[in-house]
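work.txt follows; it contains compact mmCIF, C-alpha atoms and all ligand atoms.
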```txt
# COMPACT_ATOMS: atom_id res chain seq x y z
CA MET I 26 0.00 0.00 0.00
CA THR I 27 1.36 3.43 -0.82
CA MET I 28 1.09 5.94 1.94
CA SER I 29 0.65 9.57 1.35
CA ILE I 30 3.13 11.59 3.35
CA LEU I 31 2.78 15.25 4.23
CA GLU I 32 5.25 17.48 2.41
CA ILE I 33 6.33 20.88 3.63
CA GLY I 34 8.25 23.10 1.23
CA GLY I 35 8.82 20.11 -1.02
CA VAL I 36 10.33 17.88 1.68
CA LYS I 37 8.58 14.88 3.22
CA ALA I 38 7.75 15.22 6.89
CA THR I 39 9.30 11.80 7.50
CA ALA I 40 12.63 12.98 6.05
CA LEU I 41 12.56 16.11 8.21
CA ALA I 42 11.85 14.07 11.33
CA ASP I 43 14.68 11.65 10.51
CA GLN I 44 17.17 14.42 9.95
CA PHE I 45 16.27 16.82 12.77
CA LYS I 46 14.43 14.59 15.28
CA THR I 47 11.08 15.36 16.86
CA PRO I 48 9.51 17.48 18.17
CA LEU I 49 10.43 19.79 15.30
CA TYR I 50 9.25 23.24 14.28
CA VAL I 51 8.98 23.42 10.50
CA TYR I 52 8.39 26.64 8.57
CA ASP I 53 7.30 26.77 4.95
CA GLN I 54 9.48 29.66 3.81
CA GLN I 55 7.51 30.22 0.60
CA HIS I 56 4.41 30.75 2.70
CA ILE I 57 6.15 33.46 4.77
CA GLU I 58 7.50 35.16 1.65
CA GLN I 59 4.06 35.17 0.02
CA THR I 60 2.57 36.73 3.15
CA LEU I 61 5.34 39.32 3.27
CA ALA I 62 4.64 40.15 -0.38
CA THR I 63 0.90 40.48 0.32
CA PHE I 64 1.58 42.91 3.16
CA VAL I 65 3.97 44.97 1.04
CA ASP I 66 1.74 44.99 -2.07
CA ARG I 67 -1.55 45.70 -0.37
CA PHE I 68 -0.68 48.04 2.48
CA LYS I 69 -0.16 51.08 0.27
CA SER I 70 -1.85 54.40 -0.25
CA THR I 71 -1.50 57.20 -2.76
CA GLN I 72 -2.20 59.70 0.02
CA PHE I 73 0.38 58.84 2.68
CA SER I 74 3.41 56.63 3.08
CA THR I 75 3.04 53.33 4.88
CA GLN I 76 5.24 51.10 6.97
CA ILE I 77 4.79 47.57 8.22
CA ILE I 78 6.69 46.44 11.26
CA TYR I 79 6.84 42.80 12.29
CA ALA I 80 5.91 42.19 15.94
CA SER I 81 8.88 39.93 16.51
CA LYS I 82 7.63 38.42 19.78
CA ALA I 83 5.61 36.04 17.55
CA PHE I 84 8.84 34.33 16.48
CA GLN I 85 12.34 35.71 16.51
CA ALA I 86 15.26 34.15 14.68
CA ILE I 87 17.95 36.03 12.81
CA TYR I 88 17.21 34.07 9.63
CA LEU I 89 13.59 35.26 9.71
CA LEU I 90 14.49 38.82 10.68
CA ASN I 91 16.82 39.00 7.67
CA LEU I 92 13.98 37.87 5.43
CA VAL I 93 11.63 40.42 6.98
CA ALA I 94 14.23 43.18 6.48
CA GLU I 95 14.76 42.13 2.87
CA TYR I 96 11.08 42.77 2.15
CA GLY I 97 11.43 46.27 3.55
CA LEU I 98 9.58 45.75 6.81
CA GLY I 99 10.63 47.16 10.15
CA LEU I 100 10.59 45.47 13.54
CA ASP I 101 8.75 45.77 16.84
CA VAL I 102 10.79 44.65 19.86
CA VAL I 103 9.61 44.61 23.46
CA THR I 104 12.67 43.81 25.58
CA GLY I 105 16.42 44.26 25.65
CA GLY I 106 16.73 40.62 24.60
CA GLU I 107 14.53 41.05 21.53
CA LEU I 108 16.40 44.25 20.74
CA PHE I 109 19.75 42.50 21.03
CA VAL I 110 18.70 39.73 18.65
CA ALA I 111 17.40 42.37 16.22
CA THR I 112 20.78 44.13 16.26
CA GLN I 113 22.45 40.85 15.26
CA SER I 114 20.30 40.69 12.11
CA ASN I 115 20.32 42.75 8.93
CA MET I 116 17.41 44.84 10.16
CA PRO I 117 18.45 48.50 9.84
CA ARG I 118 18.51 50.13 13.28
CA ASN I 119 16.30 52.99 12.11
CA ARG I 120 13.52 50.52 11.35
CA ILE I 121 13.39 49.16 14.91
CA TYR I 122 10.53 50.31 17.17
CA PHE I 123 10.93 49.70 20.90
CA HIS I 124 7.66 48.76 22.63
CA GLY I 125 6.88 47.55 26.15
CA ASN I 126 5.26 48.78 29.34
CA ASN I 127 8.25 48.43 31.64
CA LYS I 128 11.45 48.99 29.70
CA SER I 129 14.22 49.29 32.28
CA LEU I 130 16.78 52.06 32.46
CA GLU I 131 19.36 49.56 31.23
CA GLU I 132 17.19 48.57 28.26
CA LEU I 133 16.47 52.18 27.31
CA ASP I 134 20.15 53.03 27.66
CA LEU I 135 20.98 50.21 25.23
CA ALA I 136 18.39 51.58 22.82
CA PHE I 137 20.29 54.89 22.75
CA LYS I 138 23.69 53.19 22.50
CA TRP I 139 22.55 50.86 19.74
CA GLY I 140 21.04 53.57 17.58
CA VAL I 141 17.34 52.88 18.03
CA GLN I 142 15.42 55.90 16.78
CA HIS I 143 11.83 55.10 17.69
CA ILE I 144 10.39 54.34 21.12
CA ILE I 145 6.74 53.70 21.85
CA CYS I 146 6.10 55.32 25.20
CA ASP I 147 3.77 53.46 27.52
CA ASN I 148 3.65 55.79 30.54
CA VAL I 149 4.94 59.09 31.84
CA MET I 150 7.52 57.61 34.23
CA GLU I 151 9.13 55.91 31.28
CA LEU I 152 9.08 59.11 29.25
CA GLU I 153 10.95 60.92 32.02
CA VAL I 154 13.72 58.31 31.84
CA ILE I 155 13.85 58.53 28.05
CA GLY I 156 14.05 62.32 28.33
CA GLN I 157 16.98 62.14 30.76
CA LEU I 158 18.85 59.69 28.53
CA ALA I 159 18.21 61.85 25.46
CA GLN I 160 19.70 64.80 27.30
CA LYS I 161 22.65 62.78 28.56
CA TYR I 162 23.51 61.52 25.09
CA GLN I 163 22.39 64.77 23.41
CA GLN I 164 20.56 62.56 21.01
CA GLU I 165 17.07 63.07 19.63
CA MET I 166 14.52 60.33 20.13
CA ASN I 167 11.25 59.89 18.22
CA ILE I 168 8.41 59.08 20.56
CA MET I 169 5.10 57.46 19.77
CA LEU I 170 2.44 57.52 22.46
CA ARG I 171 0.69 54.25 23.17
CA LEU I 172 -2.94 55.15 23.56
CA ASN I 173 -5.65 53.02 25.04
CA VAL I 174 -8.71 53.83 22.96
CA GLY I 175 -11.08 51.87 25.21
CA ILE I 176 -11.82 49.25 22.57
CA GLU I 177 -10.99 45.60 22.99
CA ALA I 178 -11.12 43.43 19.89
CA HIS I 179 -12.28 39.87 20.24
CA THR I 180 -12.47 37.41 17.41
CA HIS I 181 -15.89 38.38 16.09
CA GLU I 182 -16.94 41.26 18.30
CA TYR I 183 -15.50 44.04 20.31
CA ILE I 184 -16.04 45.62 23.67
CA ILE I 185 -16.06 49.31 24.42
CA THR I 186 -14.51 49.46 27.85
CA SER I 187 -15.81 52.30 29.98
CA HIS I 188 -13.00 52.18 32.49
CA ILE I 189 -9.60 51.69 31.06
CA ASP I 190 -7.59 49.28 33.14
CA SER I 191 -5.19 47.71 30.69
CA LYS I 192 -1.58 47.59 31.75
CA PHE I 193 -0.71 48.99 28.30
CA GLY I 194 -0.87 52.63 27.35
CA PHE I 195 -3.13 55.39 28.59
CA ALA I 196 -6.28 57.19 27.54
CA TRP I 197 -6.10 60.32 25.44
CA GLU I 198 -8.21 62.16 28.02
CA SER I 199 -6.01 61.10 30.95
CA GLU I 200 -3.70 63.06 33.20
CA GLU I 201 -0.97 60.63 32.15
CA CYS I 202 -1.36 61.72 28.54
CA ARG I 203 -1.34 65.42 29.39
CA LYS I 204 1.88 64.96 31.39
CA CYS I 205 3.48 63.11 28.50
CA LEU I 206 2.60 65.91 26.08
CA ASP I 207 4.03 68.47 28.54
CA LEU I 208 7.27 66.53 28.81
CA LEU I 209 7.50 66.28 25.04
CA ALA I 210 6.91 70.00 24.65
CA ASN I 211 9.61 70.87 27.18
CA ASN I 212 12.43 68.55 26.16
CA PRO I 213 14.08 69.57 22.88
CA TYR I 214 15.54 66.09 22.43
CA LEU I 215 12.18 64.38 22.47
CA LYS I 216 10.24 64.51 19.24
CA LEU I 217 6.61 63.47 19.14
CA GLU I 218 6.48 61.18 16.14
CA GLY I 219 2.95 59.89 16.38
CA ILE I 220 0.34 57.88 18.20
CA HIS I 221 -0.19 54.17 18.50
CA SER I 222 -2.91 51.77 19.51
CA HIS I 223 -3.14 47.96 19.50
CA ILE I 224 -6.59 46.66 20.27
CA GLY I 225 -6.12 42.90 20.40
CA SER I 226 -5.32 39.70 18.58
CA GLN I 227 -7.03 37.12 16.38
CA ILE I 228 -9.25 39.85 14.89
CA PHE I 229 -11.77 38.38 12.41
CA ASP I 230 -13.87 41.47 11.94
CA LEU I 231 -12.58 44.92 11.10
CA THR I 232 -15.30 46.96 12.82
CA ALA I 233 -13.32 47.19 16.07
CA TRP I 234 -10.30 48.36 14.13
CA TYR I 235 -12.41 50.95 12.31
CA ALA I 236 -13.76 52.25 15.62
CA SER I 237 -10.23 52.65 16.97
CA ILE I 238 -9.10 54.43 13.78
CA ASP I 239 -11.97 56.93 14.18
CA LYS I 240 -10.83 57.71 17.70
CA LEU I 241 -7.15 58.00 16.80
CA VAL I 242 -7.86 60.32 13.87
CA THR I 243 -9.93 62.54 16.17
CA TYR I 244 -6.99 62.78 18.57
CA LEU I 245 -4.68 63.77 15.70
CA LYS I 246 -6.73 66.92 15.16
CA ALA I 247 -5.08 68.37 18.26
CA PHE I 248 -1.70 68.59 16.51
CA ASN I 249 -0.58 71.22 14.05
CA GLU I 250 1.70 69.00 12.00
CA PRO I 251 1.04 65.63 10.34
CA LEU I 252 2.07 62.77 12.63
CA VAL I 253 2.52 59.02 12.22
CA LEU I 254 -0.52 56.87 12.89
CA ASN I 255 0.23 53.34 14.06
CA ILE I 256 -2.85 51.12 14.25
CA GLY I 257 -1.20 48.02 15.74
CA GLY I 258 -1.48 44.37 14.74
CA GLY I 259 -3.85 41.51 15.40
CA PHE I 260 -4.90 39.98 12.06
CA GLY I 261 -6.54 36.66 12.81
CA ILE I 262 -5.29 33.37 11.37
CA GLN I 263 -6.83 29.94 10.97
CA TYR I 264 -5.95 27.41 13.66
CA THR I 265 -8.84 25.02 13.08
CA ALA I 266 -11.72 24.82 10.61
CA ALA I 267 -13.81 26.76 13.12
CA ASP I 268 -11.69 29.86 12.43
CA GLN I 269 -12.76 31.84 9.40
CA PRO I 270 -10.24 34.63 9.07
CA LEU I 271 -10.66 37.50 6.64
CA ASP I 272 -8.61 37.51 3.48
CA LEU I 273 -5.38 39.29 4.42
CA GLY I 274 -4.98 41.27 1.20
CA GLU I 275 -8.59 42.46 1.32
CA SER I 276 -8.28 43.43 4.99
CA LEU I 277 -5.21 45.52 4.22
CA THR I 278 -6.97 47.30 1.36
CA SER I 279 -10.03 47.90 3.56
CA LEU I 280 -7.93 49.35 6.39
CA ILE I 281 -6.16 51.70 3.98
CA SER I 282 -9.49 52.85 2.48
CA TYR I 283 -10.98 53.33 5.91
CA VAL I 284 -8.05 55.46 7.08
CA GLU I 285 -8.19 57.52 3.87
CA LYS I 286 -11.91 58.10 4.39
CA ALA I 287 -11.56 58.96 8.10
CA LEU I 288 -8.76 61.43 7.35
CA ALA I 289 -10.78 63.10 4.61
CA GLU I 290 -13.90 63.32 6.78
CA GLN I 291 -12.09 64.80 9.74
CA GLN I 292 -9.72 66.87 7.59
CA VAL I 293 -6.59 65.44 9.12
CA THR I 294 -3.32 64.61 7.38
CA ILE I 295 -0.77 62.07 8.55
CA SER I 296 2.85 61.62 7.58
CA LYS I 297 2.70 57.84 7.67
CA LEU I 298 0.41 54.91 8.46
CA MET I 299 1.88 51.92 10.27
CA ILE I 300 0.70 48.42 11.19
CA GLU I 301 2.49 45.80 13.24
CA PRO I 302 1.43 42.24 12.42
CA GLY I 303 2.97 39.32 14.32
CA ARG I 304 0.91 36.14 14.21
CA SER I 305 -0.40 36.64 10.66
CA LEU I 306 3.12 36.76 9.23
CA VAL I 307 4.37 33.46 10.60
CA GLY I 308 1.52 31.57 12.27
CA ASN I 309 0.13 29.55 9.39
CA ALA I 310 3.57 29.01 7.88
CA GLY I 311 4.70 26.90 10.84
CA SER I 312 3.86 23.34 11.87
CA THR I 313 5.17 21.07 14.58
CA LEU I 314 6.08 17.44 14.02
CA TYR I 315 5.86 14.96 16.89
CA THR I 316 6.42 11.24 17.18
CA VAL I 317 3.51 9.27 18.59
CA GLY I 318 4.54 7.18 21.59
CA TYR I 319 2.17 5.19 23.75
CA GLN I 320 -1.60 5.22 23.65
CA LYS I 321 -4.08 4.79 26.43
CA GLN I 322 -7.79 4.09 26.47
CA THR I 323 -9.69 5.41 29.50
CA PRO I 324 -13.45 5.08 29.94
CA GLU I 325 -14.01 8.38 28.11
CA LYS I 326 -10.88 9.04 26.14
CA LEU I 327 -8.37 7.58 23.76
CA TYR I 328 -5.04 9.26 24.34
CA TYR I 329 -2.21 9.51 21.85
CA PHE I 330 0.91 10.62 23.71
CA VAL I 331 3.49 12.68 21.80
CA ASP I 332 7.13 13.47 22.53
CA GLY I 333 6.56 17.18 23.27
CA GLY I 334 3.72 19.20 24.73
CA MET I 335 3.39 22.37 26.75
CA SER I 336 7.16 22.82 26.64
CA ASP I 337 7.06 23.47 22.88
CA ASN I 338 3.47 24.76 22.61
CA LEU I 339 2.25 26.51 25.71
CA ARG I 340 -0.86 28.05 24.18
CA PRO I 341 -3.35 25.19 24.74
CA SER I 342 -2.55 24.99 28.47
CA LEU I 343 -2.14 28.77 28.83
CA TYR I 344 -5.48 29.78 27.32
CA GLN I 345 -7.15 26.71 25.79
CA ALA I 346 -5.94 27.49 22.28
CA LYS I 347 -7.21 25.02 19.69
CA TYR I 348 -5.18 23.24 17.03
CA ALA I 349 -5.78 20.86 14.13
CA CYS I 350 -3.61 17.83 13.45
CA ASP I 351 -2.96 14.87 11.16
CA ILE I 352 -0.88 11.73 11.10
CA ALA I 353 1.76 13.11 8.77
CA ASN I 354 3.04 9.80 7.40
CA ARG I 355 -0.46 8.51 6.54
CA MET I 356 -2.38 11.50 5.33
CA ASP I 357 -4.85 9.34 3.37
CA ALA I 358 -5.77 6.96 6.20
CA PRO I 359 -9.42 7.19 7.28
CA LYS I 360 -9.99 9.23 10.43
CA THR I 361 -11.95 6.82 12.56
CA GLU I 362 -10.73 7.60 16.08
CA LYS I 363 -11.73 10.40 18.42
CA VAL I 364 -8.45 11.22 20.12
CA THR I 365 -6.98 13.41 22.84
CA VAL I 366 -3.43 14.38 21.97
CA ALA I 367 -1.42 14.76 25.17
CA GLY I 368 2.13 15.84 25.79
CA LYS I 369 4.71 14.26 28.06
CA CYS I 370 4.96 16.97 30.71
CA CYS I 371 3.98 16.39 34.33
CA GLU I 372 0.83 18.51 34.29
CA SER I 373 -2.69 17.19 33.77
CA GLY I 374 -3.26 20.32 31.70
CA ASP I 375 -0.57 19.28 29.23
CA ILE I 376 -3.10 18.46 26.52
CA LEU I 377 -2.29 19.71 23.02
CA ILE I 378 -5.66 18.87 21.45
CA GLU I 379 -8.67 17.87 23.50
CA ALA I 380 -10.78 16.12 20.86
CA CYS I 381 -9.87 15.48 17.26
CA LEU I 382 -10.44 12.83 14.63
CA LEU I 383 -7.37 10.85 13.65
CA PRO I 384 -6.59 7.54 12.00
CA VAL I 385 -5.65 4.53 14.06
CA ALA I 386 -2.02 5.30 14.88
CA SER I 387 0.98 3.18 15.70
CA GLN I 388 3.93 3.94 17.89
CA GLY I 389 6.45 5.81 15.76
CA ASP I 390 3.89 7.53 13.55
CA LEU I 391 4.38 11.25 12.99
CA LEU I 392 1.75 13.64 14.26
CA VAL I 393 1.65 17.16 12.85
CA THR I 394 -0.05 20.14 14.49
CA TYR I 395 -0.66 23.09 12.19
CA ALA I 396 -0.42 26.85 12.63
CA THR I 397 2.22 26.70 15.36
CA GLY I 398 4.44 29.32 13.70
CA ALA I 399 3.49 32.17 16.05
CA TYR I 400 3.93 32.10 19.82
CA GLY I 401 5.11 28.48 19.60
CA TYR I 402 8.87 28.53 19.71
CA SER I 403 8.82 31.96 21.34
CA MET I 404 6.84 30.64 24.32
CA SER I 405 8.80 27.39 24.56
CA ASN I 406 10.34 26.43 27.87
CA GLN I 407 12.40 23.67 29.42
CA TYR I 408 9.76 22.36 31.81
CA ASN I 409 10.69 18.84 32.86
CA LYS I 410 14.03 19.55 31.19
CA ASN I 411 12.57 18.87 27.80
CA VAL I 412 15.09 20.10 25.28
CA THR I 413 13.83 22.81 22.95
CA PRO I 414 13.28 21.42 19.44
CA ALA I 415 15.11 22.56 16.33
CA VAL I 416 13.57 25.07 13.93
CA VAL I 417 13.90 24.42 10.20
CA PHE I 418 12.85 26.56 7.24
CA VAL I 419 12.01 24.55 4.14
CA LYS I 420 11.86 25.90 0.61
CA ASP I 421 12.09 24.33 -2.86
CA GLY I 422 12.89 20.92 -1.44
CA ILE I 423 15.72 22.15 0.78
CA ALA I 424 15.58 22.21 4.58
CA HIS I 425 17.60 24.88 6.28
CA GLU I 426 18.29 24.48 9.99
CA VAL I 427 17.71 27.89 11.57
CA ILE I 428 17.88 26.97 15.26
CA ARG I 429 19.46 23.71 16.35
CA ARG I 430 17.86 21.31 18.77
CA GLN I 431 19.09 21.70 22.32
CA THR I 432 21.30 18.99 23.76
CA PHE I 433 21.33 17.62 27.29
CA GLU I 434 24.57 19.56 27.83
CA ASP I 435 22.66 22.72 26.94
CA LEU I 436 20.44 22.04 29.93
CA LEU I 437 23.49 22.61 32.16
CA HIS I 438 24.55 25.72 30.29
CA TYR I 439 23.68 28.09 33.13
CA GLU I 440 24.66 25.82 36.01
CA VAL I 441 27.66 27.65 37.39
CA THR I 442 28.91 25.14 39.93
CA GLU I 443 28.21 22.09 37.82
CA LYS I 444 30.11 23.66 34.95
CA LYS I 445 33.13 24.35 37.12
CA LYS I 446 33.16 20.85 38.50
CA ARG I 447 33.07 19.28 35.07
CA GLY I 448 35.51 21.78 33.61
CA PHE I 449 33.21 22.81 30.78
CA LYS I 450 34.72 25.33 28.42
CA ASN I 451 32.16 25.33 25.70
CA ASP I 452 28.92 23.64 25.03
CA VAL I 453 28.99 20.28 23.40
C1 LIG I 501 1.40 41.47 20.18
C2 LIG I 501 1.39 42.80 19.55
C3 LIG I 501 1.30 42.91 18.17
C4 LIG I 501 1.10 41.74 17.26
O1 LIG I 501 -0.08 41.07 17.49
P1 LIG I 501 -0.48 39.83 16.55
O2 LIG I 501 -1.78 39.37 17.08
O3 LIG I 501 0.59 38.81 16.71
O4 LIG I 501 -0.54 40.36 15.15
C5 LIG I 501 1.37 44.18 17.63
N1 LIG I 501 1.53 45.27 18.41
C6 LIG I 501 1.62 45.19 19.75
C7 LIG I 501 1.81 46.41 20.54
C8 LIG I 501 1.55 43.96 20.37
O5 LIG I 501 1.63 43.88 21.70
```
Encoded form using structure tokens:
Amino acid sequence: MTMSILEIGGVKATALADQFKTPLYVYDQQHIEQTLATFVDRFKSTQFSTQIIYASKAFQAIYLLNLVAEYGLGLDVVTGGELFVATQSNMPRNRIYFHGNNKSLEELDLAFKWGVQHIICDNVMELEVIGQLAQKYQQEMNIMLRLNVGIEAHTHEYIITSHIDSKFGFAWESEECRKCLDLLANNPYLKLEGIHSHIGSQIFDLTAWYASIDKLVTYLKAFNEPLVLNIGGGFGIQYTAADQPLDLGESLTSLISYVEKALAEQQVTISKLMIEPGRSLVGNAGSTLYTVGYQKQTPEKLYYFVDGGMSDNLRPSLYQAKYACDIANRMDAPKTEKVTVAGKCCESGDILIEACLLPVASQGDLLVTYATGAYGYSMSNQYNKNVTPAVVFVKDGIAHEVIRRQTFEDLLHYEVTEKKKRGFKNDV
């Protein structure tokens, strides 16, 4: 009997698993490049310039950042660590935007030293520190204000929040905002570049986004000169058949048209429109391969155990995220079993998929979960001292190892005394 085997980027899943072991994060590079091209082609206006920055928390690797830079995108980083990795890539420093609600003095200092030119300010205490650093280095810094517009996007609906309690940003009408504007007016090194808002993730309906754009454009009326308008990220992707995301290209065109219309109606001009997608750039391009181990039948459930779990995909246990899966080495086998796919970590909550249909599986079969490209590797951890899997990018039949699989020795990497005792110089 011939078996149909899943191929990613022209390489059989079985070959990838043999070469790089499982669990394994696999990215279809062509998929990422097509998405990058869609963003670049469709997020354009004849009335203002546009810029797309990749929210790199979704997945950061130098190989990907180089690709993102090549397509002309910029980068959103949130910590000193993400900033450091960005500086090791080909991403031009002037395209890096530093986000985050609690950037430390040390992190902000690095931003100045490393030539970052754009900081998204989350609160007035932070702005004071940025102002002092700007004066110390006699270096101008472009500041965008993170505004909380009181709109929370959920997949198909949105909530207008009357009291604004998010840890991110501040309301336009707030004392915090007034103080920030005062600081900006009184420090010659701080330049107000624009305003920013990010209303949520997995957005499947643009009405929330439209409502936030209306508010932001109203705020812009207060300024004499055209500023940058950054409307955040949050494009939804498909995890399972239950998710029906909007067409990305059409969404981008609709957002551009909506901003053009809102600006015309309110007679406002902007210097630039920005968006910052994370998940939508990499999520659907990534899959995870696991090897099926033991199985167990309980009164209610048939478990397939896999060789990873919440250590490589935290999202199901963190917030009940749903995934779809297949047996990758027998894609044509009839799906007759209702299965719970469980990981190998010591937590009852370490369930990757609660109920799915799968073929009868054997030990050693390959199980693939789809859409793990965003917030998969980046949320991975070494719980139970599971080693972090390798990351490969596959294109035109060639697999390129981007991050190697951890070794057991890597698990001792930070153990100071153990290292001394064993006389480690370098990692194995
Ligand atoms: C997380 C985040 C994004 C990206 O969100 P996605 O849902 O991954 O597109 C963009 N901007 C900010 C400020 C964020 O916190």
* Structure fact -> Of I:Leu382, I:Ala367, I:Ala83, I:Ile78, the one nearest to Gly308 (chain I) when counting only C-alpha atoms is I:Ala83
* **Cut-off 6 Å, all atoms listed in the file, neighbours of ligand LIG 501 (chain I) as a PyMOL selection string** => chain I and resi 80+83+223+226-227+257-260+301-305
* Extract, using all atoms listed in the file, all DNA, RNA and protein residues at most 12 Å from Val331 (chain I), discarding same-chain residues fewer than 2 positions from it, and format them as a VMD selection string. => chain I and resid 47 to 49 313 to 321 328 to 329 333 to 337 352 365 to 370 375 to 378 386 to 394
Would you mind exporting the chosen residues as a PDB file, in the coordinates of the input, restricted to C-alpha atoms?
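Writing done, so here's selection.pdb:
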```pdb
ATOM      1  CA  THR I  47      11.080  15.360  16.860  1.00  0.00           C
ATOM      2  CA  PRO I  48       9.510  17.480  18.170  1.00  0.00           C
ATOM      3  CA  LEU I  49      10.430  19.790  15.300  1.00  0.00           C
ATOM      4  CA  THR I 313       5.170  21.070  14.580  1.00  0.00           C
ATOM      5  CA  LEU I 314       6.080  17.440  14.020  1.00  0.00           C
ATOM      6  CA  TYR I 315       5.860  14.960  16.890  1.00  0.00           C
ATOM      7  CA  THR I 316       6.420  11.240  17.180  1.00  0.00           C
ATOM      8  CA  VAL I 317       3.510   9.270  18.590  1.00  0.00           C
ATOM      9  CA  GLY I 318       4.540   7.180  21.590  1.00  0.00           C
ATOM     10  CA  TYR I 319       2.170   5.190  23.750  1.00  0.00           C
ATOM     11  CA  GLN I 320      -1.600   5.220  23.650  1.00  0.00           C
ATOM     12  CA  LYS I 321      -4.080   4.790  26.430  1.00  0.00           C
ATOM     13  CA  TYR I 328      -5.040   9.260  24.340  1.00  0.00           C
ATOM     14  CA  TYR I 329      -2.210   9.510  21.850  1.00  0.00           C
ATOM     15  CA  GLY I 333       6.560  17.180  23.270  1.00  0.00           C
ATOM     16  CA  GLY I 334       3.720  19.200  24.730  1.00  0.00           C
ATOM     17  CA  MET I 335       3.390  22.370  26.750  1.00  0.00           C
ATOM     18  CA  SER I 336       7.160  22.820  26.640  1.00  0.00           C
ATOM     19  CA  ASP I 337       7.060  23.470  22.880  1.00  0.00           C
ATOM     20  CA  ILE I 352      -0.880  11.730  11.100  1.00  0.00           C
ATOM     21  CA  THR I 365      -6.980  13.410  22.840  1.00  0.00           C
ATOM     22  CA  VAL I 366      -3.430  14.380  21.970  1.00  0.00           C
ATOM     23  CA  ALA I 367      -1.420  14.760  25.170  1.00  0.00           C
ATOM     24  CA  GLY I 368       2.130  15.840  25.790  1.00  0.00           C
ATOM     25  CA  LYS I 369       4.710  14.260  28.060  1.00  0.00           C
ATOM     26  CA  CYS I 370       4.960  16.970  30.710  1.00  0.00           C
ATOM     27  CA  ASP I 375      -0.570  19.280  29.230  1.00  0.00           C
ATOM     28  CA  ILE I 376      -3.100  18.460  26.520  1.00  0.00           C
ATOM     29  CA  LEU I 377      -2.290  19.710  23.020  1.00  0.00           C
ATOM     30  CA  ILE I 378      -5.660  18.870  21.450  1.00  0.00           C
ATOM     31  CA  ALA I 386      -2.020   5.300  14.880  1.00  0.00           C
ATOM     32  CA  SER I 387       0.980   3.180  15.700  1.00  0.00           C
ATOM     33  CA  GLN I 388       3.930   3.940  17.890  1.00  0.00           C
ATOM     34  CA  GLY I 389       6.450   5.810  15.760  1.00  0.00           C
ATOM     35  CA  ASP I 390       3.890   7.530  13.550  1.00  0.00           C
ATOM     36  CA  LEU I 391       4.380  11.250  12.990  1.00  0.00           C
ATOM     37  CA  LEU I 392       1.750  13.640  14.260  1.00  0.00           C
ATOM     38  CA  VAL I 393       1.650  17.160  12.850  1.00  0.00           C
ATOM     39  CA  THR I 394      -0.050  20.140  14.490  1.00  0.00           C
TER      40      THR I 394
END
```
* Exercise: residues within 12 Å of coordinate (6.5, 67.2, 22.5), counting all atoms listed in the file, as a PyMOL selection string -> chain I and resi 152+156+165-170+202-220+248-250+252
Can you write out the residues you just picked, keeping C-alpha atoms, as a short mmCIF file (atom, residue, chain, number, x, y, z; two decimals), in the coordinates of the input?
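Written file, selection26.cif:
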```
data_model
loop_
_atom_site.label_atom_id
_atom_site.label_comp_id
_atom_site.auth_asym_id
_atom_site.auth_seq_id
_atom_site.Cartn_x
_atom_site.Cartn_y
_atom_site.Cartn_z
CA LEU I 152 9.08 59.11 29.25
CA GLY I 156 14.05 62.32 28.33
CA GLU I 165 17.07 63.07 19.63
CA MET I 166 14.52 60.33 20.13
CA ASN I 167 11.25 59.89 18.22
CA ILE I 168 8.41 59.08 20.56
CA MET I 169 5.10 57.46 19.77
CA LEU I 170 2.44 57.52 22.46
CA CYS I 202 -1.36 61.72 28.54
CA ARG I 203 -1.34 65.42 29.39
CA LYS I 204 1.88 64.96 31.39
CA CYS I 205 3.48 63.11 28.50
CA LEU I 206 2.60 65.91 26.08
CA ASP I 207 4.03 68.47 28.54
CA LEU I 208 7.27 66.53 28.81
CA LEU I 209 7.50 66.28 25.04
CA ALA I 210 6.91 70.00 24.65
CA ASN I 211 9.61 70.87 27.18
CA ASN I 212 12.43 68.55 26.16
CA PRO I 213 14.08 69.57 22.88
CA TYR I 214 15.54 66.09 22.43
CA LEU I 215 12.18 64.38 22.47
CA LYS I 216 10.24 64.51 19.24
CA LEU I 217 6.61 63.47 19.14
CA GLU I 218 6.48 61.18 16.14
CA GLY I 219 2.95 59.89 16.38
CA ILE I 220 0.34 57.88 18.20
CA PHE I 248 -1.70 68.59 16.51
CA ASN I 249 -0.58 71.22 14.05
CA GLU I 250 1.70 69.00 12.00
CA LEU I 252 2.07 62.77 12.63
#
```
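Note that CA of Asn127 (chain I) and CA of Tyr79 (chain I) are 20.2 Å apart.
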* Enumerate, as a PyMOL selection string, the protein, DNA and RNA residues whose atoms approach (-1.7, 49.5, -1.1) to within 12 Å, taking into account only C-alpha atoms and the coordinate frame of the file. => chain I and resi 62-77+274-282+284-285+298
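Reported to one decimal place, the separation of CA of Ala178 (chain I) from CA of Thr243 (chain I) is 19.5 Å.
Straight-line separation from CA of Trp197 (chain I) to CA of Leu231 (chain I): 22.0 Å.
Minimum atom-to-atom distance to Gln431 (chain I), evaluated using all atoms listed in the file, belongs to I:Lys46 out of I:Lys46, I:Tyr395, I:Gln163, I:Asn338.
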Given 3 Å on each side, where is the centre and what are the edge lengths in Å to one decimal of the axis-aligned box enclosing the listed atoms of region 203-212 of chain I, as lines of an AutoDock Vina configuration file?
```
center_x = 5.5
center_y = 67.0
center_z = 28.0
size_x = 19.8
size_y = 13.8
size_z = 12.7
```
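Compared by their closest atoms to His124 (chain I), and using only C-alpha atoms, the residues I:Gln291, I:Gln44, I:Asn309, I:Thr104 rank with I:Thr104 nearest.
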